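Note: the block below is input.tsv and it holds TSV, C-alpha atoms and all ligand atoms.
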chain	number	residue	atom	x	y	z
A	43	MET	CA	0.00	0.00	0.00
A	44	GLY	CA	2.79	2.43	0.98
A	45	MET	CA	4.58	1.81	-2.30
A	46	ALA	CA	1.37	2.36	-4.25
A	47	ILE	CA	0.81	5.72	-2.54
A	48	ARG	CA	4.40	6.74	-3.21
A	49	ARG	CA	4.10	5.84	-6.88
A	50	LEU	CA	0.86	7.79	-7.11
A	51	GLY	CA	2.59	10.77	-5.52
A	52	LEU	CA	5.45	10.58	-8.01
A	53	LEU	CA	3.01	10.37	-10.88
A	54	ILE	CA	1.08	13.39	-9.68
A	55	GLY	CA	4.36	15.27	-9.27
A	56	LEU	CA	5.36	14.40	-12.81
A	57	LEU	CA	2.04	15.52	-14.21
A	58	ILE	CA	2.23	18.82	-12.32
A	59	PHE	CA	5.73	19.39	-13.67
A	60	LEU	CA	4.75	18.50	-17.22
A	61	GLY	CA	1.78	20.81	-16.95
A	62	MET	CA	4.10	23.63	-15.89
A	63	THR	CA	6.43	22.77	-18.76
A	64	TYR	CA	3.70	23.03	-21.34
A	65	LEU	CA	2.33	26.22	-19.80
A	66	THR	CA	5.72	27.92	-19.94
A	67	GLY	CA	6.60	26.43	-23.33
A	68	CYS	CA	9.92	25.31	-21.93
A	69	THR	CA	11.82	23.56	-24.69
A	70	SER	CA	15.25	25.14	-24.51
A	71	THR	CA	18.11	25.37	-22.05
A	72	SER	CA	18.15	29.11	-22.74
A	73	GLN	CA	15.12	29.36	-20.47
A	74	THR	CA	16.77	28.98	-17.12
A	75	THR	CA	16.41	29.94	-13.52
A	76	SER	CA	19.18	30.94	-11.16
A	77	SER	CA	18.08	28.60	-8.39
A	78	SER	CA	20.16	25.50	-7.72
A	79	SER	CA	17.48	24.00	-5.45
A	80	SER	CA	16.40	20.57	-6.65
A	81	SER	CA	13.32	20.12	-4.49
A	82	SER	CA	10.82	20.70	-7.29
A	83	TYR	CA	12.60	18.58	-9.89
A	84	LEU	CA	12.11	14.90	-10.67
A	85	TYR	CA	14.30	13.66	-13.48
A	86	TYR	CA	17.72	12.03	-13.67
A	87	ASP	CA	20.11	12.24	-16.60
A	88	THR	CA	22.42	9.27	-16.17
A	89	HIS	CA	25.10	10.18	-18.70
A	90	SER	CA	26.61	13.61	-19.36
A	91	HIS	CA	29.98	15.35	-19.25
A	92	LEU	CA	31.46	18.60	-17.91
A	93	GLN	CA	33.91	20.27	-20.26
A	94	PRO	CA	36.81	21.80	-18.26
A	95	SER	CA	38.37	25.22	-18.56
A	96	GLU	CA	42.14	25.29	-18.22
A	97	SER	CA	44.35	27.87	-16.52
A	98	GLY	CA	48.03	27.38	-15.78
A	99	GLY	CA	47.71	23.66	-16.39
A	100	VAL	CA	44.86	23.34	-13.88
A	101	LEU	CA	41.47	22.14	-15.07
A	102	SER	CA	38.28	23.59	-13.59
A	103	PHE	CA	34.82	22.08	-14.01
A	104	THR	CA	32.71	24.57	-12.04
A	105	GLY	CA	31.92	26.73	-15.11
A	106	GLY	CA	30.57	23.68	-16.92
A	107	ALA	CA	28.64	22.67	-13.81
A	108	ASP	CA	27.03	26.15	-13.61
A	109	VAL	CA	25.78	25.75	-17.18
A	110	ALA	CA	24.66	22.18	-16.52
A	111	VAL	CA	22.53	23.17	-13.52
A	112	ALA	CA	20.86	25.97	-15.49
A	113	SER	CA	19.97	23.47	-18.25
A	114	MET	CA	18.78	20.93	-15.70
A	115	ASN	CA	16.48	23.51	-14.11
A	116	ALA	CA	14.97	24.28	-17.51
A	117	TRP	CA	14.03	20.63	-18.05
A	118	GLY	CA	13.14	19.69	-14.47
A	119	VAL	CA	16.20	17.46	-14.12
A	120	LYS	CA	17.05	16.91	-10.47
A	121	LYS	CA	20.43	15.26	-10.88
A	122	ILE	CA	22.92	14.34	-13.61
A	123	LEU	CA	25.65	11.75	-13.57
A	124	VAL	CA	28.86	13.16	-15.04
A	125	MET	CA	32.01	11.28	-15.89
A	126	PRO	CA	35.22	11.53	-17.86
A	127	PRO	CA	34.66	10.42	-21.44
A	128	PRO	CA	36.73	7.40	-22.48
A	129	PHE	CA	40.32	8.59	-22.76
A	130	SER	CA	43.42	6.88	-24.12
A	131	SER	CA	47.12	7.67	-23.79
A	132	SER	CA	47.07	9.30	-27.25
A	133	SER	CA	49.00	12.57	-27.48
A	134	GLU	CA	45.87	14.04	-29.09
A	135	GLN	CA	44.23	14.04	-25.67
A	136	THR	CA	47.13	15.17	-23.49
A	137	ALA	CA	45.78	18.65	-22.72
A	138	THR	CA	42.25	17.58	-21.81
A	139	ARG	CA	42.66	14.20	-20.16
A	140	TYR	CA	41.15	13.93	-16.68
A	141	GLU	CA	39.57	11.55	-14.16
A	142	CYS	CA	36.49	12.02	-11.96
A	143	THR	CA	38.71	13.05	-9.04
A	144	ASP	CA	39.49	16.30	-10.92
A	145	MET	CA	35.79	17.24	-10.75
A	146	SER	CA	35.50	17.22	-6.95
A	147	ALA	CA	35.14	21.03	-6.59
A	148	ALA	CA	32.25	21.11	-9.08
A	149	VAL	CA	30.55	18.17	-7.37
A	150	SER	CA	30.98	19.81	-3.95
A	151	LYS	CA	29.39	23.03	-5.24
A	152	TYR	CA	26.33	21.10	-6.46
A	153	SER	CA	26.36	18.03	-4.27
A	154	ASP	CA	22.58	17.55	-4.56
A	155	ARG	CA	22.58	17.98	-8.36
A	156	ILE	CA	25.65	16.13	-9.64
A	157	ALA	CA	26.95	12.61	-9.03
A	158	LEU	CA	30.04	10.94	-10.43
A	159	LEU	CA	30.99	7.96	-12.51
A	160	CYS	CA	34.70	7.19	-12.65
A	161	GLY	CA	37.22	5.29	-14.74
A	162	GLY	CA	37.18	6.92	-18.18
A	163	GLY	CA	40.38	8.81	-17.37
A	164	SER	CA	42.33	5.90	-15.89
A	165	LEU	CA	40.80	2.42	-16.31
A	166	ASN	CA	39.87	3.02	-19.94
A	167	ILE	CA	43.44	4.17	-20.63
A	168	MET	CA	44.78	0.96	-19.08
A	169	ILE	CA	42.43	-1.11	-21.26
A	170	GLN	CA	43.50	0.78	-24.38
A	171	ASN	CA	47.17	0.33	-23.48
A	172	ALA	CA	46.60	-3.39	-22.98
A	173	VAL	CA	44.90	-3.68	-26.37
A	174	SER	CA	47.92	-1.90	-27.87
A	175	GLY	CA	50.17	-4.64	-26.53
A	176	GLN	CA	51.32	-3.16	-23.23
A	177	SER	CA	51.44	-5.65	-20.38
A	178	ILE	CA	48.79	-4.61	-17.85
A	179	ASN	CA	48.57	-6.58	-14.64
A	180	SER	CA	44.96	-7.42	-13.82
A	181	ALA	CA	45.65	-7.05	-10.09
A	182	ASN	CA	47.02	-3.52	-10.62
A	183	PHE	CA	43.98	-2.66	-12.72
A	184	LYS	CA	41.68	-3.85	-9.92
A	185	THR	CA	43.64	-1.80	-7.38
A	186	VAL	CA	43.02	1.38	-9.39
A	187	ALA	CA	39.32	0.47	-9.79
A	188	ARG	CA	38.93	-0.19	-6.05
A	189	GLN	CA	40.67	3.09	-5.21
A	190	LEU	CA	38.18	5.00	-7.36
A	191	ALA	CA	35.31	3.15	-5.73
A	192	ASP	CA	36.55	3.74	-2.19
A	193	THR	CA	37.65	7.39	-2.40
A	194	THR	CA	35.35	9.27	-4.76
A	195	GLY	CA	31.79	8.68	-3.57
A	196	PHE	CA	30.99	7.55	-7.11
A	197	VAL	CA	27.86	5.68	-8.23
A	198	GLY	CA	29.42	3.59	-11.01
A	199	PHE	CA	32.23	3.07	-13.50
A	200	GLY	CA	32.23	5.17	-16.69
A	201	GLU	CA	32.74	5.94	-19.39
A	202	LEU	CA	34.43	2.84	-20.75
A	203	ALA	CA	34.75	2.21	-24.49
A	204	ALA	CA	34.64	-1.01	-26.49
A	205	GLU	CA	34.08	0.68	-29.87
A	206	HIS	CA	34.39	4.46	-30.09
A	207	PHE	CA	34.64	6.26	-33.44
A	208	CYS	CA	36.52	9.45	-34.13
A	209	LEU	CA	33.72	11.88	-34.99
A	210	GLY	CA	35.72	15.11	-35.22
A	211	SER	CA	38.33	17.36	-33.67
A	212	GLY	CA	39.62	16.11	-30.30
A	213	HIS	CA	38.29	12.61	-30.92
A	214	ILE	CA	40.37	9.53	-31.53
A	215	TYR	CA	39.40	6.01	-32.53
A	216	MET	CA	39.25	3.38	-29.75
A	217	MET	CA	38.50	-0.33	-29.85
A	218	ALA	CA	38.74	-2.95	-27.12
A	219	PRO	CA	37.04	-6.36	-27.30
A	220	PRO	CA	34.18	-6.25	-24.76
A	221	ASP	CA	35.27	-9.68	-23.49
A	222	HIS	CA	38.85	-8.46	-22.87
A	223	PRO	CA	40.27	-9.78	-19.55
A	224	LEU	CA	40.40	-6.24	-18.14
A	225	PHE	CA	36.67	-5.75	-18.76
A	226	TYR	CA	36.17	-8.97	-16.82
A	227	ALA	CA	38.42	-7.56	-14.07
A	228	LEU	CA	36.23	-4.46	-14.00
A	229	VAL	CA	33.15	-6.64	-13.63
A	230	ASP	CA	34.84	-8.32	-10.66
A	231	VAL	CA	35.32	-4.97	-8.88
A	232	ALA	CA	31.86	-3.71	-9.90
A	233	SER	CA	30.51	-6.87	-8.28
A	234	GLU	CA	32.38	-6.17	-5.03
A	235	LYS	CA	31.13	-2.58	-4.96
A	236	ALA	CA	27.64	-3.32	-6.37
A	237	VAL	CA	27.78	-0.57	-9.00
A	238	PRO	CA	26.94	-0.40	-12.73
A	239	ILE	CA	29.39	-0.08	-15.63
A	240	ASP	CA	28.71	2.44	-18.45
A	241	LEU	CA	29.93	1.08	-21.78
A	242	HIS	CA	30.15	2.97	-25.08
A	243	MET	CA	30.01	0.58	-28.04
A	244	GLU	CA	28.97	1.16	-31.62
A	245	ALA	CA	27.12	-2.00	-32.68
A	246	ILE	CA	28.91	-4.28	-35.16
A	247	SER	CA	27.23	-7.63	-35.79
A	248	SER	CA	29.64	-8.80	-38.51
A	249	THR	CA	32.84	-7.56	-40.19
A	250	MET	CA	32.08	-4.38	-42.13
A	251	SER	CA	33.77	-1.53	-43.97
A	252	PHE	CA	33.93	1.68	-41.96
A	253	PRO	CA	30.67	3.55	-42.62
A	254	THR	CA	30.26	7.05	-43.98
A	255	LEU	CA	29.74	9.25	-40.94
A	256	THR	CA	26.97	11.84	-40.59
A	257	SER	CA	29.51	14.07	-38.82
A	258	GLY	CA	32.20	13.79	-41.52
A	259	SER	CA	35.34	11.69	-41.92
A	260	CYS	CA	38.28	11.38	-39.52
A	261	SER	CA	41.67	9.94	-40.51
A	262	TYR	CA	42.04	7.97	-37.25
A	263	ASN	CA	39.18	5.61	-38.07
A	264	PRO	CA	40.09	2.18	-39.55
A	265	ALA	CA	39.00	0.91	-42.95
A	266	VAL	CA	37.39	-2.24	-41.54
A	267	LEU	CA	35.48	-2.87	-38.31
A	268	THR	CA	35.63	-6.01	-36.16
A	269	PRO	CA	32.38	-7.62	-34.92
A	270	ASN	CA	31.60	-7.00	-31.24
A	271	ILE	CA	28.04	-8.17	-30.49
A	272	ASP	CA	29.00	-11.80	-29.77
A	273	LYS	CA	31.92	-10.59	-27.57
A	274	PHE	CA	29.50	-8.28	-25.79
A	275	LYS	CA	27.31	-11.31	-25.10
A	276	ASN	CA	30.37	-12.97	-23.49
A	277	LEU	CA	30.76	-9.96	-21.18
A	278	LEU	CA	27.08	-10.01	-20.24
A	279	THR	CA	27.27	-13.75	-19.57
A	280	TYR	CA	30.37	-13.30	-17.40
A	281	ALA	CA	28.77	-10.44	-15.45
A	282	GLY	CA	25.52	-12.34	-15.00
A	283	ALA	CA	27.37	-15.35	-13.59
A	284	LYS	CA	29.42	-13.10	-11.30
A	285	SER	CA	26.61	-11.28	-9.55
A	286	PRO	CA	23.15	-9.88	-10.24
A	287	LYS	CA	24.49	-6.66	-8.70
A	288	VAL	CA	26.63	-5.93	-11.78
A	289	LYS	CA	24.54	-3.96	-14.24
A	290	ILE	CA	26.00	-3.27	-17.67
A	291	VAL	CA	24.64	-0.02	-19.14
A	292	TRP	CA	25.08	0.03	-22.93
A	293	VAL	CA	24.95	3.80	-23.33
A	294	HIS	CA	23.55	5.96	-26.14
A	295	ALA	CA	20.56	3.88	-27.34
A	296	GLY	CA	18.97	5.80	-30.22
A	297	TRP	CA	22.39	7.08	-31.33
A	298	ASP	CA	24.20	5.00	-33.90
A	299	ASN	CA	26.93	5.32	-36.52
A	300	THR	CA	26.99	1.79	-37.97
A	301	SER	CA	23.25	1.56	-38.75
A	302	GLN	CA	23.27	-1.64	-36.68
A	303	ARG	CA	22.03	-0.50	-33.26
A	304	SER	CA	18.44	-1.16	-34.20
A	305	THR	CA	15.56	-1.77	-31.82
A	306	THR	CA	15.76	-5.39	-33.06
A	307	VAL	CA	19.33	-5.77	-31.72
A	308	CYS	CA	18.44	-3.94	-28.49
A	309	ASP	CA	15.39	-6.17	-28.08
A	310	GLU	CA	17.39	-9.35	-28.65
A	311	LEU	CA	20.05	-8.47	-26.08
A	312	LEU	CA	17.63	-7.08	-23.46
A	313	GLY	CA	15.63	-10.30	-23.83
A	314	LEU	CA	18.67	-12.53	-23.41
A	315	TYR	CA	20.41	-10.70	-20.55
A	316	ASP	CA	18.53	-9.27	-17.59
A	317	ASN	CA	21.71	-7.52	-16.37
A	318	LEU	CA	21.69	-5.27	-19.47
A	319	TYR	CA	20.41	-1.69	-19.27
A	320	MET	CA	20.46	1.26	-21.68
A	321	ASN	CA	20.13	5.02	-21.66
A	322	LEU	CA	18.70	7.20	-24.42
A	323	LYS	CA	20.45	9.88	-26.46
A	324	HIS	CA	19.10	11.88	-29.40
A	325	SER	CA	21.43	13.84	-31.65
A	326	SER	CA	20.72	14.19	-35.36
A	327	ALA	CA	24.08	15.83	-36.09
A	328	ASP	CA	26.25	12.77	-35.50
A	329	SER	CA	24.02	9.72	-35.81
A	330	VAL	CA	22.21	7.93	-38.62
A	331	SER	CA	18.50	8.73	-38.57
A	332	ALA	CA	17.22	5.16	-39.05
A	333	ASN	CA	17.84	4.06	-35.46
A	334	GLN	CA	17.04	7.31	-33.66
A	335	VAL	CA	14.17	7.36	-31.14
A	336	LEU	CA	12.45	10.41	-32.64
A	337	ASP	CA	11.31	10.73	-36.25
A	338	SER	CA	11.86	13.85	-38.38
A	339	SER	CA	8.67	15.37	-36.89
A	340	GLY	CA	9.97	14.88	-33.35
A	341	ASN	CA	7.61	12.02	-32.50
A	342	ILE	CA	8.65	8.74	-30.87
A	343	LYS	CA	8.89	5.97	-33.46
A	344	SER	CA	6.52	3.05	-32.88
A	345	GLU	CA	9.35	0.48	-32.67
A	346	TRP	CA	10.97	2.40	-29.81
A	347	LEU	CA	7.67	2.76	-27.96
A	348	SER	CA	7.25	-1.01	-28.30
A	349	LEU	CA	10.76	-1.54	-26.87
A	350	PHE	CA	10.01	0.79	-23.93
A	351	ASN	CA	6.77	-1.07	-23.22
A	352	LYS	CA	8.54	-4.44	-23.39
A	353	TYR	CA	11.38	-3.41	-21.05
A	354	PRO	CA	9.93	-0.58	-18.92
A	355	THR	CA	12.46	-0.97	-16.08
A	356	ARG	CA	15.63	-1.31	-18.20
A	357	ILE	CA	15.88	2.06	-19.99
A	358	MET	CA	16.85	5.50	-18.68
A	359	MET	CA	17.75	8.96	-20.01
A	360	GLY	CA	21.41	9.81	-20.71
A	361	ALA	CA	21.83	12.78	-23.07
A	362	ASP	CA	25.64	12.57	-23.35
A	363	HIS	CA	25.81	16.38	-23.51
A	364	PHE	CA	29.12	18.16	-22.90
A	365	PHE	CA	28.44	21.17	-20.67
A	366	ALA	CA	31.09	23.80	-21.41
A	367	PRO	CA	31.62	26.99	-19.35
A	368	ALA	CA	29.56	29.99	-20.47
A	369	GLY	CA	31.20	31.84	-23.36
A	370	THR	CA	33.11	28.81	-24.58
A	371	THR	CA	32.30	26.40	-27.38
A	372	PRO	CA	31.25	22.88	-26.34
A	373	PRO	CA	32.92	20.02	-28.16
A	374	GLY	CA	30.54	18.39	-30.58
A	375	PRO	CA	26.84	19.02	-31.13
A	376	GLY	CA	24.62	19.61	-28.10
A	377	SER	CA	22.33	16.76	-27.15
A	378	PHE	CA	20.63	17.77	-23.87
A	379	ASP	CA	17.61	19.58	-25.29
A	380	SER	CA	17.20	17.11	-28.17
A	381	SER	CA	17.41	14.09	-25.85
A	382	TRP	CA	15.10	15.41	-23.15
A	383	ALA	CA	12.50	16.16	-25.83
A	384	ILE	CA	11.98	12.39	-25.76
A	385	ILE	CA	10.48	12.60	-22.26
A	386	THR	CA	8.11	15.41	-23.24
A	387	LYS	CA	6.80	13.23	-26.06
A	388	LEU	CA	6.79	10.10	-23.92
A	389	ALA	CA	4.67	11.78	-21.25
A	390	THR	CA	1.87	12.24	-23.77
A	391	ALA	CA	2.11	8.58	-24.86
A	392	SER	CA	2.51	6.97	-21.46
A	393	SER	CA	2.92	8.81	-18.16
A	394	ASN	CA	3.98	5.51	-16.57
A	395	LEU	CA	6.87	5.12	-19.03
A	396	ALA	CA	7.85	8.78	-18.58
A	397	VAL	CA	8.12	8.17	-14.83
A	398	LYS	CA	10.19	5.02	-15.25
A	399	ILE	CA	12.49	6.21	-18.03
A	400	GLY	CA	12.62	9.79	-16.71
A	401	TYR	CA	13.70	8.95	-13.17
A	402	GLU	CA	12.51	5.79	-11.41
A	403	ASN	CA	14.83	3.42	-13.26
A	404	ALA	CA	17.86	5.66	-12.73
A	405	GLN	CA	17.14	5.83	-9.00
A	406	THR	CA	17.02	2.08	-8.79
A	407	ILE	CA	19.89	1.17	-11.12
A	408	TYR	CA	22.40	3.69	-9.71
A	409	SER	CA	21.00	3.67	-6.15
A	410	LEU	CA	20.47	7.44	-6.31
A	411	GLN	CA	18.98	9.62	-3.56
A	501	ZN	ZN	29.96	7.76	-25.30
A	502	ZN	ZN	29.65	10.05	-22.97

Just give me the structure of the file as structure tokens.
Amino acid sequence: MGMAIRRLGLLIGLLIFLGMTYLTGCTSTSQTTSSSSSSSYLYYDTHSHLQPSESGGVLSFTGGADVAVASMNAWGVKKILVMPPPFSSSSEQTATRYECTDMSAAVSKYSDRIALLCGGGSLNIMIQNAVSGQSINSANFKTVARQLADTTGFVGFGELAAEHFCLGSGHIYMMAPPDHPLFYALVDVASEKAVPIDLHMEAISSTMSFPTLTSGSCSYNPAVLTPNIDKFKNLLTYAGAKSPKVKIVWVHAGWDNTSQRSTTVCDELLGLYDNLYMNLKHSSADSVSANQVLDSSGNIKSEWLSLFNKYPTRIMMGADHFFAPAGTTPPGPGSFDSSWAIITKLATASSNLAVKIGYENAQTIYSLQ
């Protein structure tokens, strides 16, 4: 009974918020408020980034956090999970490489609005180095992972990369087999700490030539791509056998550069592995349109609505937006407004799904307050 009342309360809160949204016509992050109070907000964005400013070799994330909170207020987002994107030891990334520990001042400033995922700036580099032939001791890798877990107050590991394309300036190409021994080592630590793992992986069912990118070509990308779906299944099988506490979040559903991350593939994997979760991103500038959630009119495609209805507790929001300090240019196209438009549409189709995908699932999966 108590749970039923709570759920009813959450639903009423959502409807009140959506009503306010429609009344104010709020569809852009330019409509902001100065308040950082989160008491009236409901939603969780489980995957975004803060772009640092740099002065004298020191990176600061508070400017990006200020912009993030203003955008969150505009969309009724209570909390975002931010993380270092997947880095490598490439010299291309020397100036901007960081780990979640570098964001502590920004997190302290907005402790009720921002939570951390960690590993993109250290564990992902170790995995990339291992794939390049460097000898990486699994025990040392686990020590770094445990240190992040024990010292940062994080809520999960991220962002790790199994297949990451170069989509423009500042990007590099990264590939690591999802069943690599170090991904298994990460699952071991995630099991100990009972936290999810965020994994970035363009879908490749079989060997294919590198596709023509919506965002334009990049010389770092290879000519041929290696299949990864079967290896991903190995990882999910390993994690499932390890512990039901290890949740693998295959990030950026609805965003796709191989034309292979279809709802059919998502459906197959979600059906086979109950430890698999996804979060939604919408960005027309750097993704093929065929597998996006929204059609050209901004409506949710029927195949995605079917997927949401089939797996209502397995999908969350995760815009993958890079919040840059005011007055600076964010890297890549923005995706916060375009992604959160999904929830506005979803609320008209199913308020129950909007509640689950908008915030309930994130609360459960990442154990958020
Ligand atoms: Zn990513
Ligand atoms: Zn990301």

Could the residues that lie within 7 Å of ligand ZN 502 (chain A), counting all atoms listed in the file, be listed as a PDB file with C-alpha atoms, in the coordinates of the input?
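part_25.pdb, written as the output of this step:
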ATOM      1  CA  HIS A  89      25.100  10.180 -18.700  1.00  0.00           C
ATOM      2  CA  SER A  90      26.610  13.610 -19.360  1.00  0.00           C
ATOM      3  CA  HIS A  91      29.980  15.350 -19.250  1.00  0.00           C
ATOM      4  CA  PRO A 127      34.660  10.420 -21.440  1.00  0.00           C
ATOM      5  CA  GLU A 201      32.740   5.940 -19.390  1.00  0.00           C
ATOM      6  CA  ASP A 362      25.640  12.570 -23.350  1.00  0.00           C
TER       7      ASP A 362
END

Using all atoms listed in the file, what does the table of chain A residues within 8 Å of ligand ZN 501 (chain A) look like, with each row giving the shortest atom pair and its distance in Å to one decimal, sorted by chain and ascending number, as CSV?
residue,atom,partner,partner_atom,distance
A:Pro127,CA,A:ZN501,ZN,6.6
A:Pro128,CA,A:ZN501,ZN,7.3
A:Glu201,CA,A:ZN501,ZN,6.8
A:Ala203,CA,A:ZN501,ZN,7.4
A:His206,CA,A:ZN501,ZN,7.3
A:Leu241,CA,A:ZN501,ZN,7.6
A:His242,CA,A:ZN501,ZN,4.8
A:Met243,CA,A:ZN501,ZN,7.7
A:Val293,CA,A:ZN501,ZN,6.7
A:His294,CA,A:ZN501,ZN,6.7
A:Asp362,CA,A:ZN501,ZN,6.8

Restricting the output to C-alpha atoms, write the selected residues as a compact mmCIF listing (two decimals), in the frame of the given file.
# COMPACT_ATOMS: atom_id res chain seq x y z
CA PRO A 127 34.66 10.42 -21.44
CA PRO A 128 36.73 7.40 -22.48
CA GLU A 201 32.74 5.94 -19.39
CA ALA A 203 34.75 2.21 -24.49
CA HIS A 206 34.39 4.46 -30.09
CA LEU A 241 29.93 1.08 -21.78
CA HIS A 242 30.15 2.97 -25.08
CA MET A 243 30.01 0.58 -28.04
CA VAL A 293 24.95 3.80 -23.33
CA HIS A 294 23.55 5.96 -26.14
CA ASP A 362 25.64 12.57 -23.35

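As for CA of His324 (chain A) and CA of Asp298 (chain A), they are spaced 9.7 Å apart.
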
Closest of A:Gln302, A:Ser132, A:Ser233, A:Gln170 to Thr249 (chain A), counting all atoms listed in the file, is A:Gln302

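Take the candidates A:Pro126, A:Gly161, A:Pro264, A:Pro269 and check each one against Gln189 (chain A) using only C-alpha atoms; the shortest distance goes to A:Gly161.
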
Considering all atoms listed in the file, give me a table of residues in region 277-365 of chain A that are at most 10 Å from region 210-220 of chain A, with the closest atom pair and distance in Å for each, as a tab-separated table.
residue	atom	partner	partner_atom	distance
A:Leu277	CA	A:Pro220	CA	6.2
A:Leu278	CA	A:Pro220	CA	9.2
A:Asp328	CA	A:Gly210	CA	9.8

Expressed in Å, the length from CA of Met359 (chain A) to CA of Thr268 (chain A) is 28.4 Å

For this session: Give me the residues within 9 Å of Ile122 (chain A) as a VMD selection string, counting all atoms listed in the file and dropping any in the same chain fewer than 2 places off.
Result: chain A and resid 85 to 90 110 to 111 114 119 to 120 124 155 to 158 360

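Across A:Asn182, A:Asn394, A:Asn333, A:Thr104, the tightest approach to Asn351 (chain A) is made by A:Asn394 when counting all atoms listed in the file.
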
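Counting only C-alpha atoms, the residue from A:Ala191, A:Ile407, A:Thr370, A:Lys352 that sits nearest to Leu318 (chain A) is A:Ile407.
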
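Of the listed residues (A:Gln405, A:Ser348, A:Ser113, A:Ser301), A:Ser113 comes nearest to Ala361 (chain A); the distances count all atoms listed in the file.
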
Using all atoms listed in the file, the best pick from A:Trp297, A:Phe225, A:Phe365, A:Tyr353 as closest to Ala327 (chain A) would be A:Trp297

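Picture a line from CA of Ser331 (chain A) to CA of Ser130 (chain A); it runs 28.9 Å.
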
Open item on the list: Applying 7 Å and only C-alpha atoms, which residues near Lys289 (chain A) remain after dropping the ones on its own chain fewer than 6 positions away? List them as a PyMOL selection string.
Closed with: chain A and resi 238-239+317-319

With C-alpha atoms retained, write the just-selected residues as a tab-separated table (two decimals), in the coordinates of the input.
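Output file selection_25.tsv follows:
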chain	number	residue	atom	x	y	z
A	238	PRO	CA	26.94	-0.40	-12.73
A	239	ILE	CA	29.39	-0.08	-15.63
A	317	ASN	CA	21.71	-7.52	-16.37
A	318	LEU	CA	21.69	-5.27	-19.47
A	319	TYR	CA	20.41	-1.69	-19.27
